[in-house]
$ cat coords-v4.cif   # mmCIF, C-alpha atoms and all ligand atoms
data_work
loop_
_atom_site.label_atom_id
_atom_site.label_comp_id
_atom_site.auth_asym_id
_atom_site.auth_seq_id
_atom_site.Cartn_x
_atom_site.Cartn_y
_atom_site.Cartn_z
CA MET A 122 61.25 137.13 98.57
CA PRO A 123 62.77 134.23 100.54
CA ALA A 124 65.26 132.07 98.64
CA TYR A 125 64.14 128.63 97.40
CA LEU A 126 63.84 126.28 100.42
CA GLU A 127 65.18 128.92 102.80
CA LYS A 128 63.08 127.78 105.76
CA GLU A 129 63.69 124.08 105.00
CA ARG A 130 67.43 124.74 104.91
CA ALA A 131 67.42 126.48 108.31
CA VAL A 132 65.23 123.81 109.93
CA ALA A 133 67.32 120.97 108.48
CA ILE A 134 70.50 122.56 109.85
CA GLU A 135 68.95 122.90 113.30
CA ALA A 136 67.71 119.29 113.23
CA VAL A 137 71.10 117.90 112.17
CA GLU A 138 72.89 120.05 114.77
CA ARG A 139 70.71 118.70 117.58
CA ALA A 140 70.92 115.11 116.37
CA ALA A 141 74.71 115.34 116.12
CA ARG A 142 74.77 116.52 119.75
CA VAL A 143 72.72 113.45 120.72
CA CYS A 144 75.24 111.18 119.02
CA THR A 145 78.24 112.87 120.59
CA ALA A 146 76.66 112.77 124.06
CA VAL A 147 75.93 109.05 123.70
CA PHE A 148 79.44 108.36 122.48
CA GLN A 149 80.95 110.16 125.47
CA ARG A 150 78.69 108.34 127.95
CA LEU A 151 78.33 104.86 126.50
CA VAL A 152 81.14 103.93 124.19
CA THR A 153 83.85 102.45 126.37
CA ASP A 154 86.66 99.97 125.86
CA GLU A 155 84.28 97.34 127.17
CA THR A 156 81.51 98.03 124.64
CA LEU A 157 84.09 98.02 121.87
CA THR A 158 85.73 94.74 122.84
CA LYS A 159 82.35 93.07 123.43
CA LYS A 160 81.20 94.42 120.05
CA ASP A 161 78.21 95.75 121.99
CA LYS A 162 76.00 97.68 119.57
CA SER A 163 73.78 99.28 122.24
CA PRO A 164 75.36 102.77 122.15
CA VAL A 165 74.80 103.06 118.45
CA THR A 166 71.25 101.79 118.88
CA VAL A 167 70.42 104.38 121.54
CA ALA A 168 71.97 107.17 119.49
CA ASP A 169 70.29 106.04 116.25
CA PHE A 170 66.81 106.06 117.79
CA GLY A 171 67.44 109.25 119.75
CA ALA A 172 68.74 111.13 116.71
CA GLN A 173 65.87 109.95 114.49
CA ALA A 174 63.29 111.00 117.12
CA VAL A 175 64.89 114.44 117.48
CA VAL A 176 65.07 115.14 113.75
CA ASN A 177 61.54 113.87 113.10
CA ALA A 178 60.08 115.88 115.98
CA ILE A 179 61.71 119.07 114.67
CA LEU A 180 60.56 118.37 111.10
CA GLU A 181 57.02 117.68 112.30
CA ARG A 182 56.88 120.96 114.21
CA HIS A 183 57.80 123.00 111.11
CA PHE A 184 56.49 120.85 108.25
CA PRO A 185 53.68 118.69 109.68
CA ASP A 186 52.58 117.46 106.25
CA ASP A 187 55.98 116.24 105.07
CA PRO A 188 56.58 112.49 105.39
CA VAL A 189 60.00 111.06 106.22
CA VAL A 190 61.89 108.07 104.85
CA GLY A 191 64.07 107.14 107.80
CA GLU A 192 66.29 104.20 108.54
CA GLU A 193 64.82 103.20 111.92
CA ASP A 194 61.41 102.10 113.25
CA SER A 195 60.30 101.79 116.87
CA ARG A 196 59.73 98.01 117.05
CA ASP A 197 62.73 97.34 119.29
CA LEU A 198 61.57 100.01 121.75
CA GLN A 199 58.10 98.63 122.32
CA GLY A 200 56.61 96.50 125.10
CA ASP A 201 58.42 95.12 128.14
CA GLY A 202 61.32 93.89 126.05
CA GLY A 203 62.07 97.41 124.83
CA ARG A 204 61.64 99.19 128.17
CA ALA A 205 65.31 99.70 129.10
CA LEU A 206 66.24 100.99 125.66
CA ARG A 207 63.06 103.11 125.48
CA GLU A 208 63.81 104.81 128.79
CA LYS A 209 67.32 105.73 127.67
CA VAL A 210 66.07 107.10 124.36
CA VAL A 211 63.26 109.12 125.97
CA GLU A 212 65.68 110.73 128.41
CA LEU A 213 68.11 111.55 125.64
CA VAL A 214 65.45 113.09 123.40
CA GLY A 215 64.07 115.21 126.25
CA SER A 216 67.45 116.74 126.95
CA ALA A 217 68.22 117.26 123.24
CA LEU A 218 64.95 119.12 122.65
CA ASP A 219 65.04 121.06 125.97
CA ARG A 220 61.54 119.75 126.75
CA PRO A 221 60.36 116.40 128.05
CA MET A 222 58.64 114.13 125.53
CA ALA A 223 56.41 111.25 126.63
CA ALA A 224 57.49 107.76 125.57
CA ASP A 225 54.58 107.34 123.15
CA GLU A 226 55.41 110.68 121.55
CA VAL A 227 59.02 109.56 121.06
CA LEU A 228 57.93 106.27 119.47
CA ARG A 229 55.51 108.10 117.21
CA ALA A 230 58.23 110.54 116.15
CA ILE A 231 60.55 107.64 115.25
CA ASP A 232 57.79 105.97 113.23
CA ARG A 233 57.20 109.10 111.17
CA GLY A 234 60.19 107.68 109.28
CA GLN A 235 58.24 104.83 107.71
CA HIS A 236 57.23 106.56 104.49
CA ALA A 237 57.67 104.60 101.27
CA GLY A 238 59.22 107.47 99.29
CA GLY A 239 58.54 107.63 95.56
CA PRO A 240 58.25 110.09 92.67
CA ALA A 241 55.50 112.47 93.79
CA GLY A 242 55.49 115.41 96.18
CA ARG A 243 57.87 116.13 99.04
CA HIS A 244 59.55 113.80 101.48
CA TRP A 245 62.58 113.99 103.71
CA THR A 246 65.09 111.19 103.99
CA LEU A 247 67.14 110.67 107.12
CA ASP A 248 70.06 108.55 108.21
CA PRO A 249 70.37 109.38 111.91
CA ILE A 250 73.81 107.77 112.16
CA ASP A 251 75.42 106.92 108.88
CA GLY A 252 78.62 104.96 109.36
CA THR A 253 77.59 103.11 112.51
CA LYS A 254 80.87 101.20 112.51
CA GLY A 255 82.84 104.44 112.40
CA PHE A 256 80.73 105.86 115.25
CA LEU A 257 81.62 102.93 117.50
CA ARG A 258 85.31 103.21 116.63
CA GLY A 259 85.29 106.94 117.41
CA GLU A 260 86.06 107.65 113.74
CA GLN A 261 83.91 109.14 110.99
CA PHE A 262 80.14 109.04 111.03
CA ALA A 263 77.48 111.49 109.85
CA VAL A 264 73.92 112.65 110.50
CA CYS A 265 72.38 112.97 107.04
CA LEU A 266 69.13 114.67 106.10
CA ALA A 267 67.82 115.49 102.62
CA LEU A 268 64.63 116.79 101.06
CA VAL A 269 63.36 115.06 97.92
CA VAL A 270 60.79 116.93 95.81
CA ASP A 271 59.14 115.17 92.87
CA GLY A 272 61.79 112.46 92.89
CA LYS A 273 64.84 114.75 92.94
CA VAL A 274 67.07 115.73 95.85
CA ARG A 275 66.77 119.50 96.37
CA LEU A 276 68.41 120.03 99.76
CA GLY A 277 71.01 118.07 101.70
CA VAL A 278 72.66 118.49 105.08
CA VAL A 279 75.48 116.25 106.35
CA GLY A 280 76.73 116.74 109.91
CA CYS A 281 80.17 115.20 110.53
CA PRO A 282 81.14 115.56 114.22
CA ASN A 283 84.58 113.97 113.86
CA LEU A 284 85.71 115.45 110.55
CA PRO A 285 88.41 118.16 110.84
CA TYR A 286 87.01 121.51 109.70
CA ASP A 287 90.14 122.08 107.68
CA MET A 288 92.07 118.96 106.67
CA SER A 289 95.28 120.95 106.28
CA ARG A 290 94.93 122.29 109.83
CA PRO A 291 93.52 119.41 111.89
CA ALA A 292 94.57 121.09 115.14
CA GLU A 293 91.93 123.76 114.52
CA GLY A 294 89.20 121.39 115.56
CA ARG A 295 86.66 118.91 114.34
CA GLY A 296 83.03 119.14 113.40
CA VAL A 297 81.72 120.07 109.97
CA LEU A 298 78.22 120.68 108.71
CA ALA A 299 77.92 120.65 104.93
CA VAL A 300 74.76 121.97 103.26
CA ALA A 301 73.51 122.45 99.71
CA VAL A 302 70.29 123.57 98.06
CA GLU A 303 69.67 122.96 94.37
CA GLY A 304 71.08 125.82 92.32
CA GLN A 305 72.64 127.62 95.30
CA GLY A 306 76.07 125.95 95.68
CA ALA A 307 77.51 123.96 98.56
CA PHE A 308 78.72 125.37 101.87
CA GLN A 309 80.31 124.27 105.09
CA ARG A 310 80.10 125.67 108.58
CA ARG A 311 81.42 124.59 111.95
CA LEU A 312 79.17 122.02 113.57
CA GLY A 313 78.05 123.05 117.03
CA ALA A 314 78.49 126.80 116.57
CA SER A 315 75.03 128.35 116.40
CA ASP A 316 76.13 131.57 114.69
CA ALA A 317 78.66 129.81 112.47
CA ALA A 318 79.71 131.60 109.31
CA GLU A 319 79.30 129.64 106.10
CA GLN A 320 82.09 129.09 103.63
CA ARG A 321 81.53 128.04 100.05
CA ILE A 322 83.07 124.67 99.18
CA ARG A 323 84.11 123.42 95.77
CA ALA A 324 85.30 120.11 94.41
CA SER A 325 88.93 120.05 93.30
CA GLY A 326 90.15 121.29 89.94
CA VAL A 327 92.39 118.26 89.40
CA ALA A 328 92.52 117.41 85.71
CA ASP A 329 95.12 114.64 85.57
CA PRO A 330 93.74 111.48 87.18
CA ARG A 331 97.28 110.46 88.22
CA ASP A 332 97.16 113.32 90.73
CA ALA A 333 93.80 112.27 92.16
CA ALA A 334 93.18 111.05 95.70
CA VAL A 335 90.64 108.23 96.11
CA CYS A 336 88.40 107.63 99.10
CA GLU A 337 86.33 104.55 99.85
CA SER A 338 84.55 102.67 102.65
CA VAL A 339 86.50 101.22 105.53
CA GLU A 340 84.29 98.14 105.22
CA ALA A 341 85.30 95.91 102.30
CA GLY A 342 81.79 94.43 102.52
CA HIS A 343 80.32 97.81 101.46
CA SER A 344 82.65 98.50 98.53
CA SER A 345 85.18 96.25 96.83
CA HIS A 346 88.71 97.25 97.82
CA SER A 347 90.25 94.99 95.20
CA ASP A 348 88.25 96.59 92.35
CA SER A 349 89.19 100.06 93.56
CA ALA A 350 92.87 99.09 93.62
CA GLN A 351 92.56 97.99 90.00
CA ILE A 352 90.79 101.24 89.02
CA ALA A 353 93.49 103.31 90.74
CA GLN A 354 96.14 101.37 88.87
CA LEU A 355 94.42 101.97 85.53
CA LEU A 356 94.27 105.68 86.35
CA GLY A 357 97.96 105.72 87.27
CA ILE A 358 97.24 106.70 90.88
CA SER A 359 100.00 105.74 93.27
CA LYS A 360 98.60 107.29 96.50
CA GLN A 361 96.89 104.85 98.84
CA PRO A 362 93.11 105.37 99.12
CA VAL A 363 91.77 107.18 102.16
CA ARG A 364 89.28 104.92 103.93
CA MET A 365 86.53 106.47 105.98
CA ASP A 366 83.01 105.53 107.00
CA SER A 367 79.81 107.37 106.12
CA GLN A 368 78.78 110.22 103.82
CA CYS A 369 81.81 112.14 105.07
CA LYS A 370 83.31 110.77 101.83
CA TYR A 371 80.94 112.94 99.79
CA VAL A 372 81.96 115.95 101.91
CA ALA A 373 85.62 115.07 101.27
CA VAL A 374 85.02 115.19 97.51
CA ALA A 375 82.86 118.34 97.76
CA ARG A 376 85.64 120.32 99.43
CA GLY A 377 88.56 118.88 97.50
CA ASP A 378 90.08 116.73 100.27
CA ALA A 379 89.63 113.84 97.85
CA ASP A 380 88.93 113.76 94.11
CA ILE A 381 87.28 110.37 93.63
CA TYR A 382 84.85 108.44 95.84
CA LEU A 383 84.40 104.85 94.72
CA ARG A 384 81.59 102.62 95.99
CA LEU A 385 81.88 99.40 94.05
CA PRO A 386 79.22 96.73 94.48
CA VAL A 387 80.30 93.61 96.31
CA SER A 388 77.01 91.82 95.75
CA SER A 389 74.54 92.31 92.89
CA SER A 390 71.64 91.69 95.28
CA TYR A 391 72.33 94.76 97.48
CA ALA A 392 70.24 97.86 96.75
CA GLU A 393 71.67 101.12 98.10
CA LYS A 394 69.32 102.99 100.47
CA ILE A 395 68.26 106.53 99.58
CA TRP A 396 69.21 107.85 103.03
CA ASP A 397 72.81 106.66 102.50
CA HIS A 398 73.27 108.91 99.44
CA ALA A 399 70.67 111.67 99.06
CA ALA A 400 72.34 114.41 101.12
CA GLY A 401 75.88 113.64 99.99
CA ASN A 402 74.83 113.47 96.35
CA ILE A 403 73.49 117.05 96.19
CA ILE A 404 76.43 118.41 98.18
CA VAL A 405 78.92 117.03 95.66
CA ARG A 406 76.87 118.20 92.66
CA GLU A 407 76.40 121.70 94.08
CA ALA A 408 80.15 121.84 94.77
CA GLY A 409 80.72 121.31 91.03
CA GLY A 410 81.40 117.58 91.18
CA CYS A 411 79.71 114.67 89.40
CA VAL A 412 77.81 111.69 90.84
CA ALA A 413 76.65 108.58 88.98
CA ASP A 414 76.43 104.84 89.48
CA VAL A 415 79.00 102.41 88.09
CA SER A 416 77.23 102.44 84.70
CA GLY A 417 77.30 106.23 84.52
CA ARG A 418 73.57 106.62 85.26
CA PRO A 419 72.44 109.38 87.62
CA LEU A 420 71.20 108.14 90.99
CA ASP A 421 67.40 107.83 90.83
CA PHE A 422 65.78 108.90 94.11
CA SER A 423 62.22 108.58 92.79
CA LEU A 424 61.80 104.83 93.19
CA GLY A 425 61.03 104.41 96.88
CA ARG A 426 63.34 103.63 99.78
CA THR A 427 66.14 102.18 97.66
CA LEU A 428 68.15 103.14 94.57
CA SER A 429 66.78 100.03 92.89
CA GLN A 430 67.87 100.99 89.38
CA ASN A 431 71.45 101.89 90.33
CA ALA A 432 74.50 99.87 91.29
CA GLY A 433 77.28 101.42 93.35
CA VAL A 434 78.25 105.10 93.36
CA ILE A 435 81.04 107.08 91.73
CA ALA A 436 81.45 110.70 92.91
CA THR A 437 84.30 112.79 91.54
CA SER A 438 85.45 116.29 90.80
CA ALA A 439 84.43 117.23 87.26
CA GLY A 440 87.91 117.07 85.66
CA VAL A 441 88.45 113.38 86.40
CA PHE A 442 84.93 112.03 85.94
CA ASP A 443 85.24 110.68 82.39
CA ALA A 444 88.56 108.98 83.03
CA THR A 445 87.26 107.47 86.27
CA MET A 446 84.13 106.11 84.58
CA ALA A 447 86.22 104.57 81.81
CA ALA A 448 88.47 102.84 84.35
CA VAL A 449 85.44 101.67 86.38
CA GLN A 450 83.86 100.21 83.29
CA GLN A 451 87.04 98.51 82.17
CA THR A 452 87.47 96.98 85.62
CA LEU A 453 83.90 95.78 86.00
CA ALA A 454 83.48 94.59 82.40
CA GLY A 455 82.94 90.88 82.24
CA LYS A 456 83.05 90.60 86.02
CA ALA A 457 79.66 89.71 87.49
CA PRO A 458 79.51 90.54 91.24
CA SER A 459 78.38 87.59 93.32
CA ALA A 460 74.71 87.48 94.28
CA SER A 461 75.50 86.42 97.86
N1 LIG B 501 76.51 95.22 101.24
C1 LIG B 501 76.49 96.55 101.30
N2 LIG B 501 76.90 97.29 100.26
C2 LIG B 501 76.89 98.62 100.31
N3 LIG B 501 76.47 99.35 101.39
C3 LIG B 501 76.05 98.66 102.46
C4 LIG B 501 76.03 97.24 102.49
N4 LIG B 501 75.56 96.85 103.68
C5 LIG B 501 75.29 97.97 104.39
N5 LIG B 501 75.58 99.07 103.67
C6 LIG B 501 75.38 100.46 103.99
O1 LIG B 501 76.64 101.11 104.10
C7 LIG B 501 76.44 102.19 104.97
C8 LIG B 501 77.77 102.71 105.47
O2 LIG B 501 78.51 103.11 104.37
P1 LIG B 501 80.07 103.34 104.46
O3 LIG B 501 80.73 102.02 104.25
O4 LIG B 501 80.29 104.28 103.32
O5 LIG B 501 80.34 103.91 105.79
C9 LIG B 501 75.60 101.63 106.05
O6 LIG B 501 74.92 102.68 106.66
P2 LIG B 501 74.74 102.69 108.28
O7 LIG B 501 76.10 102.81 108.86
O8 LIG B 501 73.87 103.88 108.47
O9 LIG B 501 74.07 101.39 108.62
C10 LIG B 501 74.67 100.67 105.30
O10 LIG B 501 73.39 101.23 105.03
MG MG B 502 73.74 104.69 106.49
#
$ encode --input "coords-v4.cif" --output "structure tokens" --more "lines below"
Ligand SMILES: Nc1ncnc2c1ncn2[C@@H]1O[C@H](COP(=O)(O)O)[C@@H](OP(=O)(O)O)[C@H]1O
Ligand SMILES: [Mg+2]
Amino acid sequence: MPAYLEKERAVAIEAVERAARVCTAVFQRLVTDETLTKKDKSPVTVADFGAQAVVNAILERHFPDDPVVGEEDSRDLQGDGGRALREKVVELVGSALDRPMAADEVLRAIDRGQHAGGPAGRHWTLDPIDGTKGFLRGEQFAVCLALVVDGKVRLGVVGCPNLPYDMSRPAEGRGVLAVAVEGQGAFQRRLGASDAAEQRIRASGVADPRDAAVCESVEAGHSSHSDSAQIAQLLGISKQPVRMDSQCKYVAVARGDADIYLRLPVSSSYAEKIWDHAAGNIIVREAGGCVADVSGRPLDFSLGRTLSQNAGVIATSAGVFDATMAAVQQTLAGKAPSAS
């Protein structure tokens, strides 16, 4: 008998592999010193649309009845105004899928991502480029795909093209794909190697919070750096936090590169998006770690496109979870984040 979600797991890996290739190809062709100094977002836009079209087309071929909650829609690619961008995306998708796709097919594939999500049945959730800022800087970004069944994340795949496969041996190359299915553990394999062997990954066994390594967003607008400094101080942590973009942070906790991922709300009006957390969440949990929001509640993926009942995210290895939550609560107590 096939294992639970065996076909979904294989298809999701293939989709993330191909989308990651799209992103890397765009980076090599379009991200130049000029685009960086002009703060030109077009490379990330082309790669975002291309990667979403590729993943959605692959999902549709294998699971035509499954809807997708994706970050992008095709509005910016339509009409005369969208022609230049559309042509680039169509060319990119054709080469990624090894078959030409007509422009209207590409737009339709992108718009398969417009599902509302919710508690019933199956849906996929996709962030074609998570960590767009990191992508443009040539640093960390991730292609993230997860399957939600009856409101719970059951499968997650995170492709990290720029993450060293082994942090202690960075010279051995970059590119990690992390994958987890509910009840089956978490694994990593080399991104871009079709016959890659899988290796089980586990969160660290650190028990004394003073020995823990913290990771957090590069962007202070996504997670409060000052609150995390206070939490680290309460925990007696002297090491500086590692800052990286994207769900690579969940992968870092899942394989013990870091022990604590803090995402501390900057504004009370921001609702986290399900595609920014679904895949990373199951990978950490299946690696033996813990994930909750800043109040200690589990992340609730059953409420639509956002985590509307959660604030922030705390992901840790199991041995430091309680101490981390206590320090988070002490730091945030009596401190209302601004609504701006
Ligand atoms: N005010 C905010 N608070 C928290 N997350 C935010 C935010 N504004 C944007 N984000 C999300 O933060 C994600 C990146 O997270 P990180 O800082 O961990 O790299 C972005 O994903 P994209 O890069 O896909 O747009 C975006 O969805
Ligand atoms: Mg994102």
$ closest_residue --input "coords-v4.cif" --among "A:Ala124, A:Leu257, A:Val190, A:Leu206" --to "Asp232 in chain A" --atoms "only C-alpha atoms"
A:Val190
$ residues_near_ligand --input "coords-v4.cif" --ligand "ligand MG 502 (chain B)" --cutoff "7 Å" --atoms "all atoms listed in the file" --output "ChimeraX atom specification"
/A:248,250-252,367,396-397
$ write_last_selection --input "coords-v4.cif" --atoms "C-alpha atoms" --output "PDB file, keeping the file's coordinate frame"
ATOM      1  CA  ASP A 248      70.060 108.550 108.210  1.00  0.00           C
ATOM      2  CA  ILE A 250      73.810 107.770 112.160  1.00  0.00           C
ATOM      3  CA  ASP A 251      75.420 106.920 108.880  1.00  0.00           C
ATOM      4  CA  GLY A 252      78.620 104.960 109.360  1.00  0.00           C
ATOM      5  CA  SER A 367      79.810 107.370 106.120  1.00  0.00           C
ATOM      6  CA  TRP A 396      69.210 107.850 103.030  1.00  0.00           C
ATOM      7  CA  ASP A 397      72.810 106.660 102.500  1.00  0.00           C
TER       8      ASP A 397
END
$ closest_atom_pairs --input "coords-v4.cif" --of "chain A" --to "ligand LIG 501 (chain B)" --cutoff "10 Å" --atoms "only C-alpha atoms and all ligand atoms" --output "tab-separated table"
residue	atom	partner	partner_atom	distance
A:Val165	CA	B:LIG501	O7	9.7
A:Asp169	CA	B:LIG501	O8	8.8
A:Glu192	CA	B:LIG501	O8	7.6
A:Glu193	CA	B:LIG501	O8	9.7
A:Leu247	CA	B:LIG501	O8	9.7
A:Asp248	CA	B:LIG501	O8	6.0
A:Pro249	CA	B:LIG501	O8	7.4
A:Ile250	CA	B:LIG501	O8	5.4
A:Asp251	CA	B:LIG501	O8	3.4
A:Gly252	CA	B:LIG501	O7	3.4
A:Thr253	CA	B:LIG501	O7	4.0
A:Lys254	CA	B:LIG501	O7	6.2
A:Gly255	CA	B:LIG501	O5	7.1
A:Phe256	CA	B:LIG501	O7	8.5
A:Gln261	CA	B:LIG501	O5	8.2
A:Phe262	CA	B:LIG501	O5	7.3
A:Ala263	CA	B:LIG501	O8	8.5
A:Val264	CA	B:LIG501	O8	9.0
A:Cys265	CA	B:LIG501	O8	9.3
A:Cys336	CA	B:LIG501	O4	9.7
A:Glu337	CA	B:LIG501	O4	7.0
A:Ser338	CA	B:LIG501	O3	4.2
A:Val339	CA	B:LIG501	O3	6.0
A:Glu340	CA	B:LIG501	O3	5.4
A:Ala341	CA	B:LIG501	O3	7.9
A:Gly342	CA	B:LIG501	N1	5.5
A:His343	CA	B:LIG501	N2	3.7
A:Ser344	CA	B:LIG501	C2	6.0
A:Ser345	CA	B:LIG501	N2	9.0
A:Arg364	CA	B:LIG501	O4	9.0
A:Met365	CA	B:LIG501	O5	6.7
A:Asp366	CA	B:LIG501	O5	3.3
A:Ser367	CA	B:LIG501	O5	3.5
A:Gln368	CA	B:LIG501	O4	6.1
A:Cys369	CA	B:LIG501	O4	8.2
A:Lys370	CA	B:LIG501	O4	7.3
A:Tyr371	CA	B:LIG501	O4	9.4
A:Tyr382	CA	B:LIG501	O4	9.7
A:Leu383	CA	B:LIG501	O4	9.5
A:Arg384	CA	B:LIG501	C2	7.5
A:Leu385	CA	B:LIG501	C2	8.0
A:Pro386	CA	B:LIG501	N2	6.3
A:Val387	CA	B:LIG501	N2	6.4
A:Ser388	CA	B:LIG501	N1	6.5
A:Ser389	CA	B:LIG501	N1	9.1
A:Ser390	CA	B:LIG501	N1	8.5
A:Tyr391	CA	B:LIG501	N1	5.6
A:Ala392	CA	B:LIG501	N2	7.5
A:Glu393	CA	B:LIG501	N3	6.1
A:Lys394	CA	B:LIG501	O10	6.4
A:Ile395	CA	B:LIG501	O10	9.2
A:Trp396	CA	B:LIG501	O10	8.1
A:Asp397	CA	B:LIG501	O10	6.0
A:His398	CA	B:LIG501	O2	9.2
A:Ala432	CA	B:LIG501	C2	9.4
A:Gly433	CA	B:LIG501	C2	7.5
A:Val434	CA	B:LIG501	C2	9.6
A:Ser461	CA	B:LIG501	N1	9.5
$ residues_around --input "coords-v4.cif" --residues "Ala224 in chain A" --least-positions-apart "5" --cutoff "8 Å" --atoms "all atoms listed in the file" --output "short mmCIF file (atom, residue, chain, number, x, y, z; two decimals) with C-alpha atoms, in the frame of the given file"
data_model
loop_
_atom_site.label_atom_id
_atom_site.label_comp_id
_atom_site.auth_asym_id
_atom_site.auth_seq_id
_atom_site.Cartn_x
_atom_site.Cartn_y
_atom_site.Cartn_z
CA ARG A 207 63.06 103.11 125.48
CA GLU A 208 63.81 104.81 128.79
CA VAL A 211 63.26 109.12 125.97
#
$ residues_around --input "coords-v4.cif" --residues "Ala314 in chain A" --least-positions-apart "5" --cutoff "12 Å" --atoms "only C-alpha atoms" --output "PyMOL selection string"
chain A and resi 134-135+138-139+142+282+295-298+309+319
$ atom_distance --input "coords-v4.cif" --atom1 "CA of Glu260 in chain A" --atom2 "CA of Thr246 in chain A"
23.4 Å
$ residues_near_point --input "coords-v4.cif" --point "(86.4, 112.5, 85.1)" --cutoff "12 Å" --atoms "only C-alpha atoms" --output "PyMOL selection string"
chain A and resi 325-331+333+356+380-382+410-413+417+435-449
$ closest_residue --input "coords-v4.cif" --among "A:Gly409, A:Val143, A:Val214, A:Trp245" --to "Ala301 in chain A" --atoms "only C-alpha atoms"
A:Gly409
$ build_atoms --input "coords-v4.cif" --residues "range 179-192 of chain A" --atoms "N, CA and C atoms" --output "tab-separated table (two decimals), keeping the file's coordinate frame"
chain	number	residue	atom	x	y	z
A	179	ILE	N	61.47	117.70	115.16
A	179	ILE	CA	61.71	119.07	114.67
A	179	ILE	C	61.05	119.26	113.29
A	180	LEU	N	61.19	118.26	112.43
A	180	LEU	CA	60.56	118.37	111.10
A	180	LEU	C	59.04	118.47	111.23
A	181	GLU	N	58.48	117.68	112.16
A	181	GLU	CA	57.02	117.68	112.30
A	181	GLU	C	56.51	119.04	112.78
A	182	ARG	N	57.31	119.66	113.68
A	182	ARG	CA	56.88	120.96	114.21
A	182	ARG	C	56.80	122.00	113.09
A	183	HIS	N	57.75	121.96	112.16
A	183	HIS	CA	57.80	123.00	111.11
A	183	HIS	C	57.08	122.60	109.83
A	184	PHE	N	57.08	121.31	109.53
A	184	PHE	CA	56.49	120.85	108.25
A	184	PHE	C	55.62	119.62	108.53
A	185	PRO	N	54.48	119.84	109.21
A	185	PRO	CA	53.68	118.69	109.68
A	185	PRO	C	53.17	117.79	108.56
A	186	ASP	N	53.12	118.30	107.34
A	186	ASP	CA	52.58	117.46	106.25
A	186	ASP	C	53.65	116.69	105.49
A	187	ASP	N	54.91	116.92	105.83
A	187	ASP	CA	55.98	116.24	105.07
A	187	ASP	C	56.27	114.87	105.66
A	188	PRO	N	56.17	113.81	104.88
A	188	PRO	CA	56.58	112.49	105.39
A	188	PRO	C	58.11	112.34	105.38
A	189	VAL	N	58.55	111.29	106.07
A	189	VAL	CA	60.00	111.06	106.22
A	189	VAL	C	60.31	109.60	105.87
A	190	VAL	N	61.37	109.42	105.11
A	190	VAL	CA	61.89	108.07	104.85
A	190	VAL	C	63.13	107.94	105.73
A	191	GLY	N	62.97	107.24	106.85
A	191	GLY	CA	64.07	107.14	107.80
A	191	GLY	C	64.53	105.71	107.94
A	192	GLU	N	65.74	105.55	108.47
A	192	GLU	CA	66.29	104.20	108.54
A	192	GLU	C	65.62	103.35	109.63
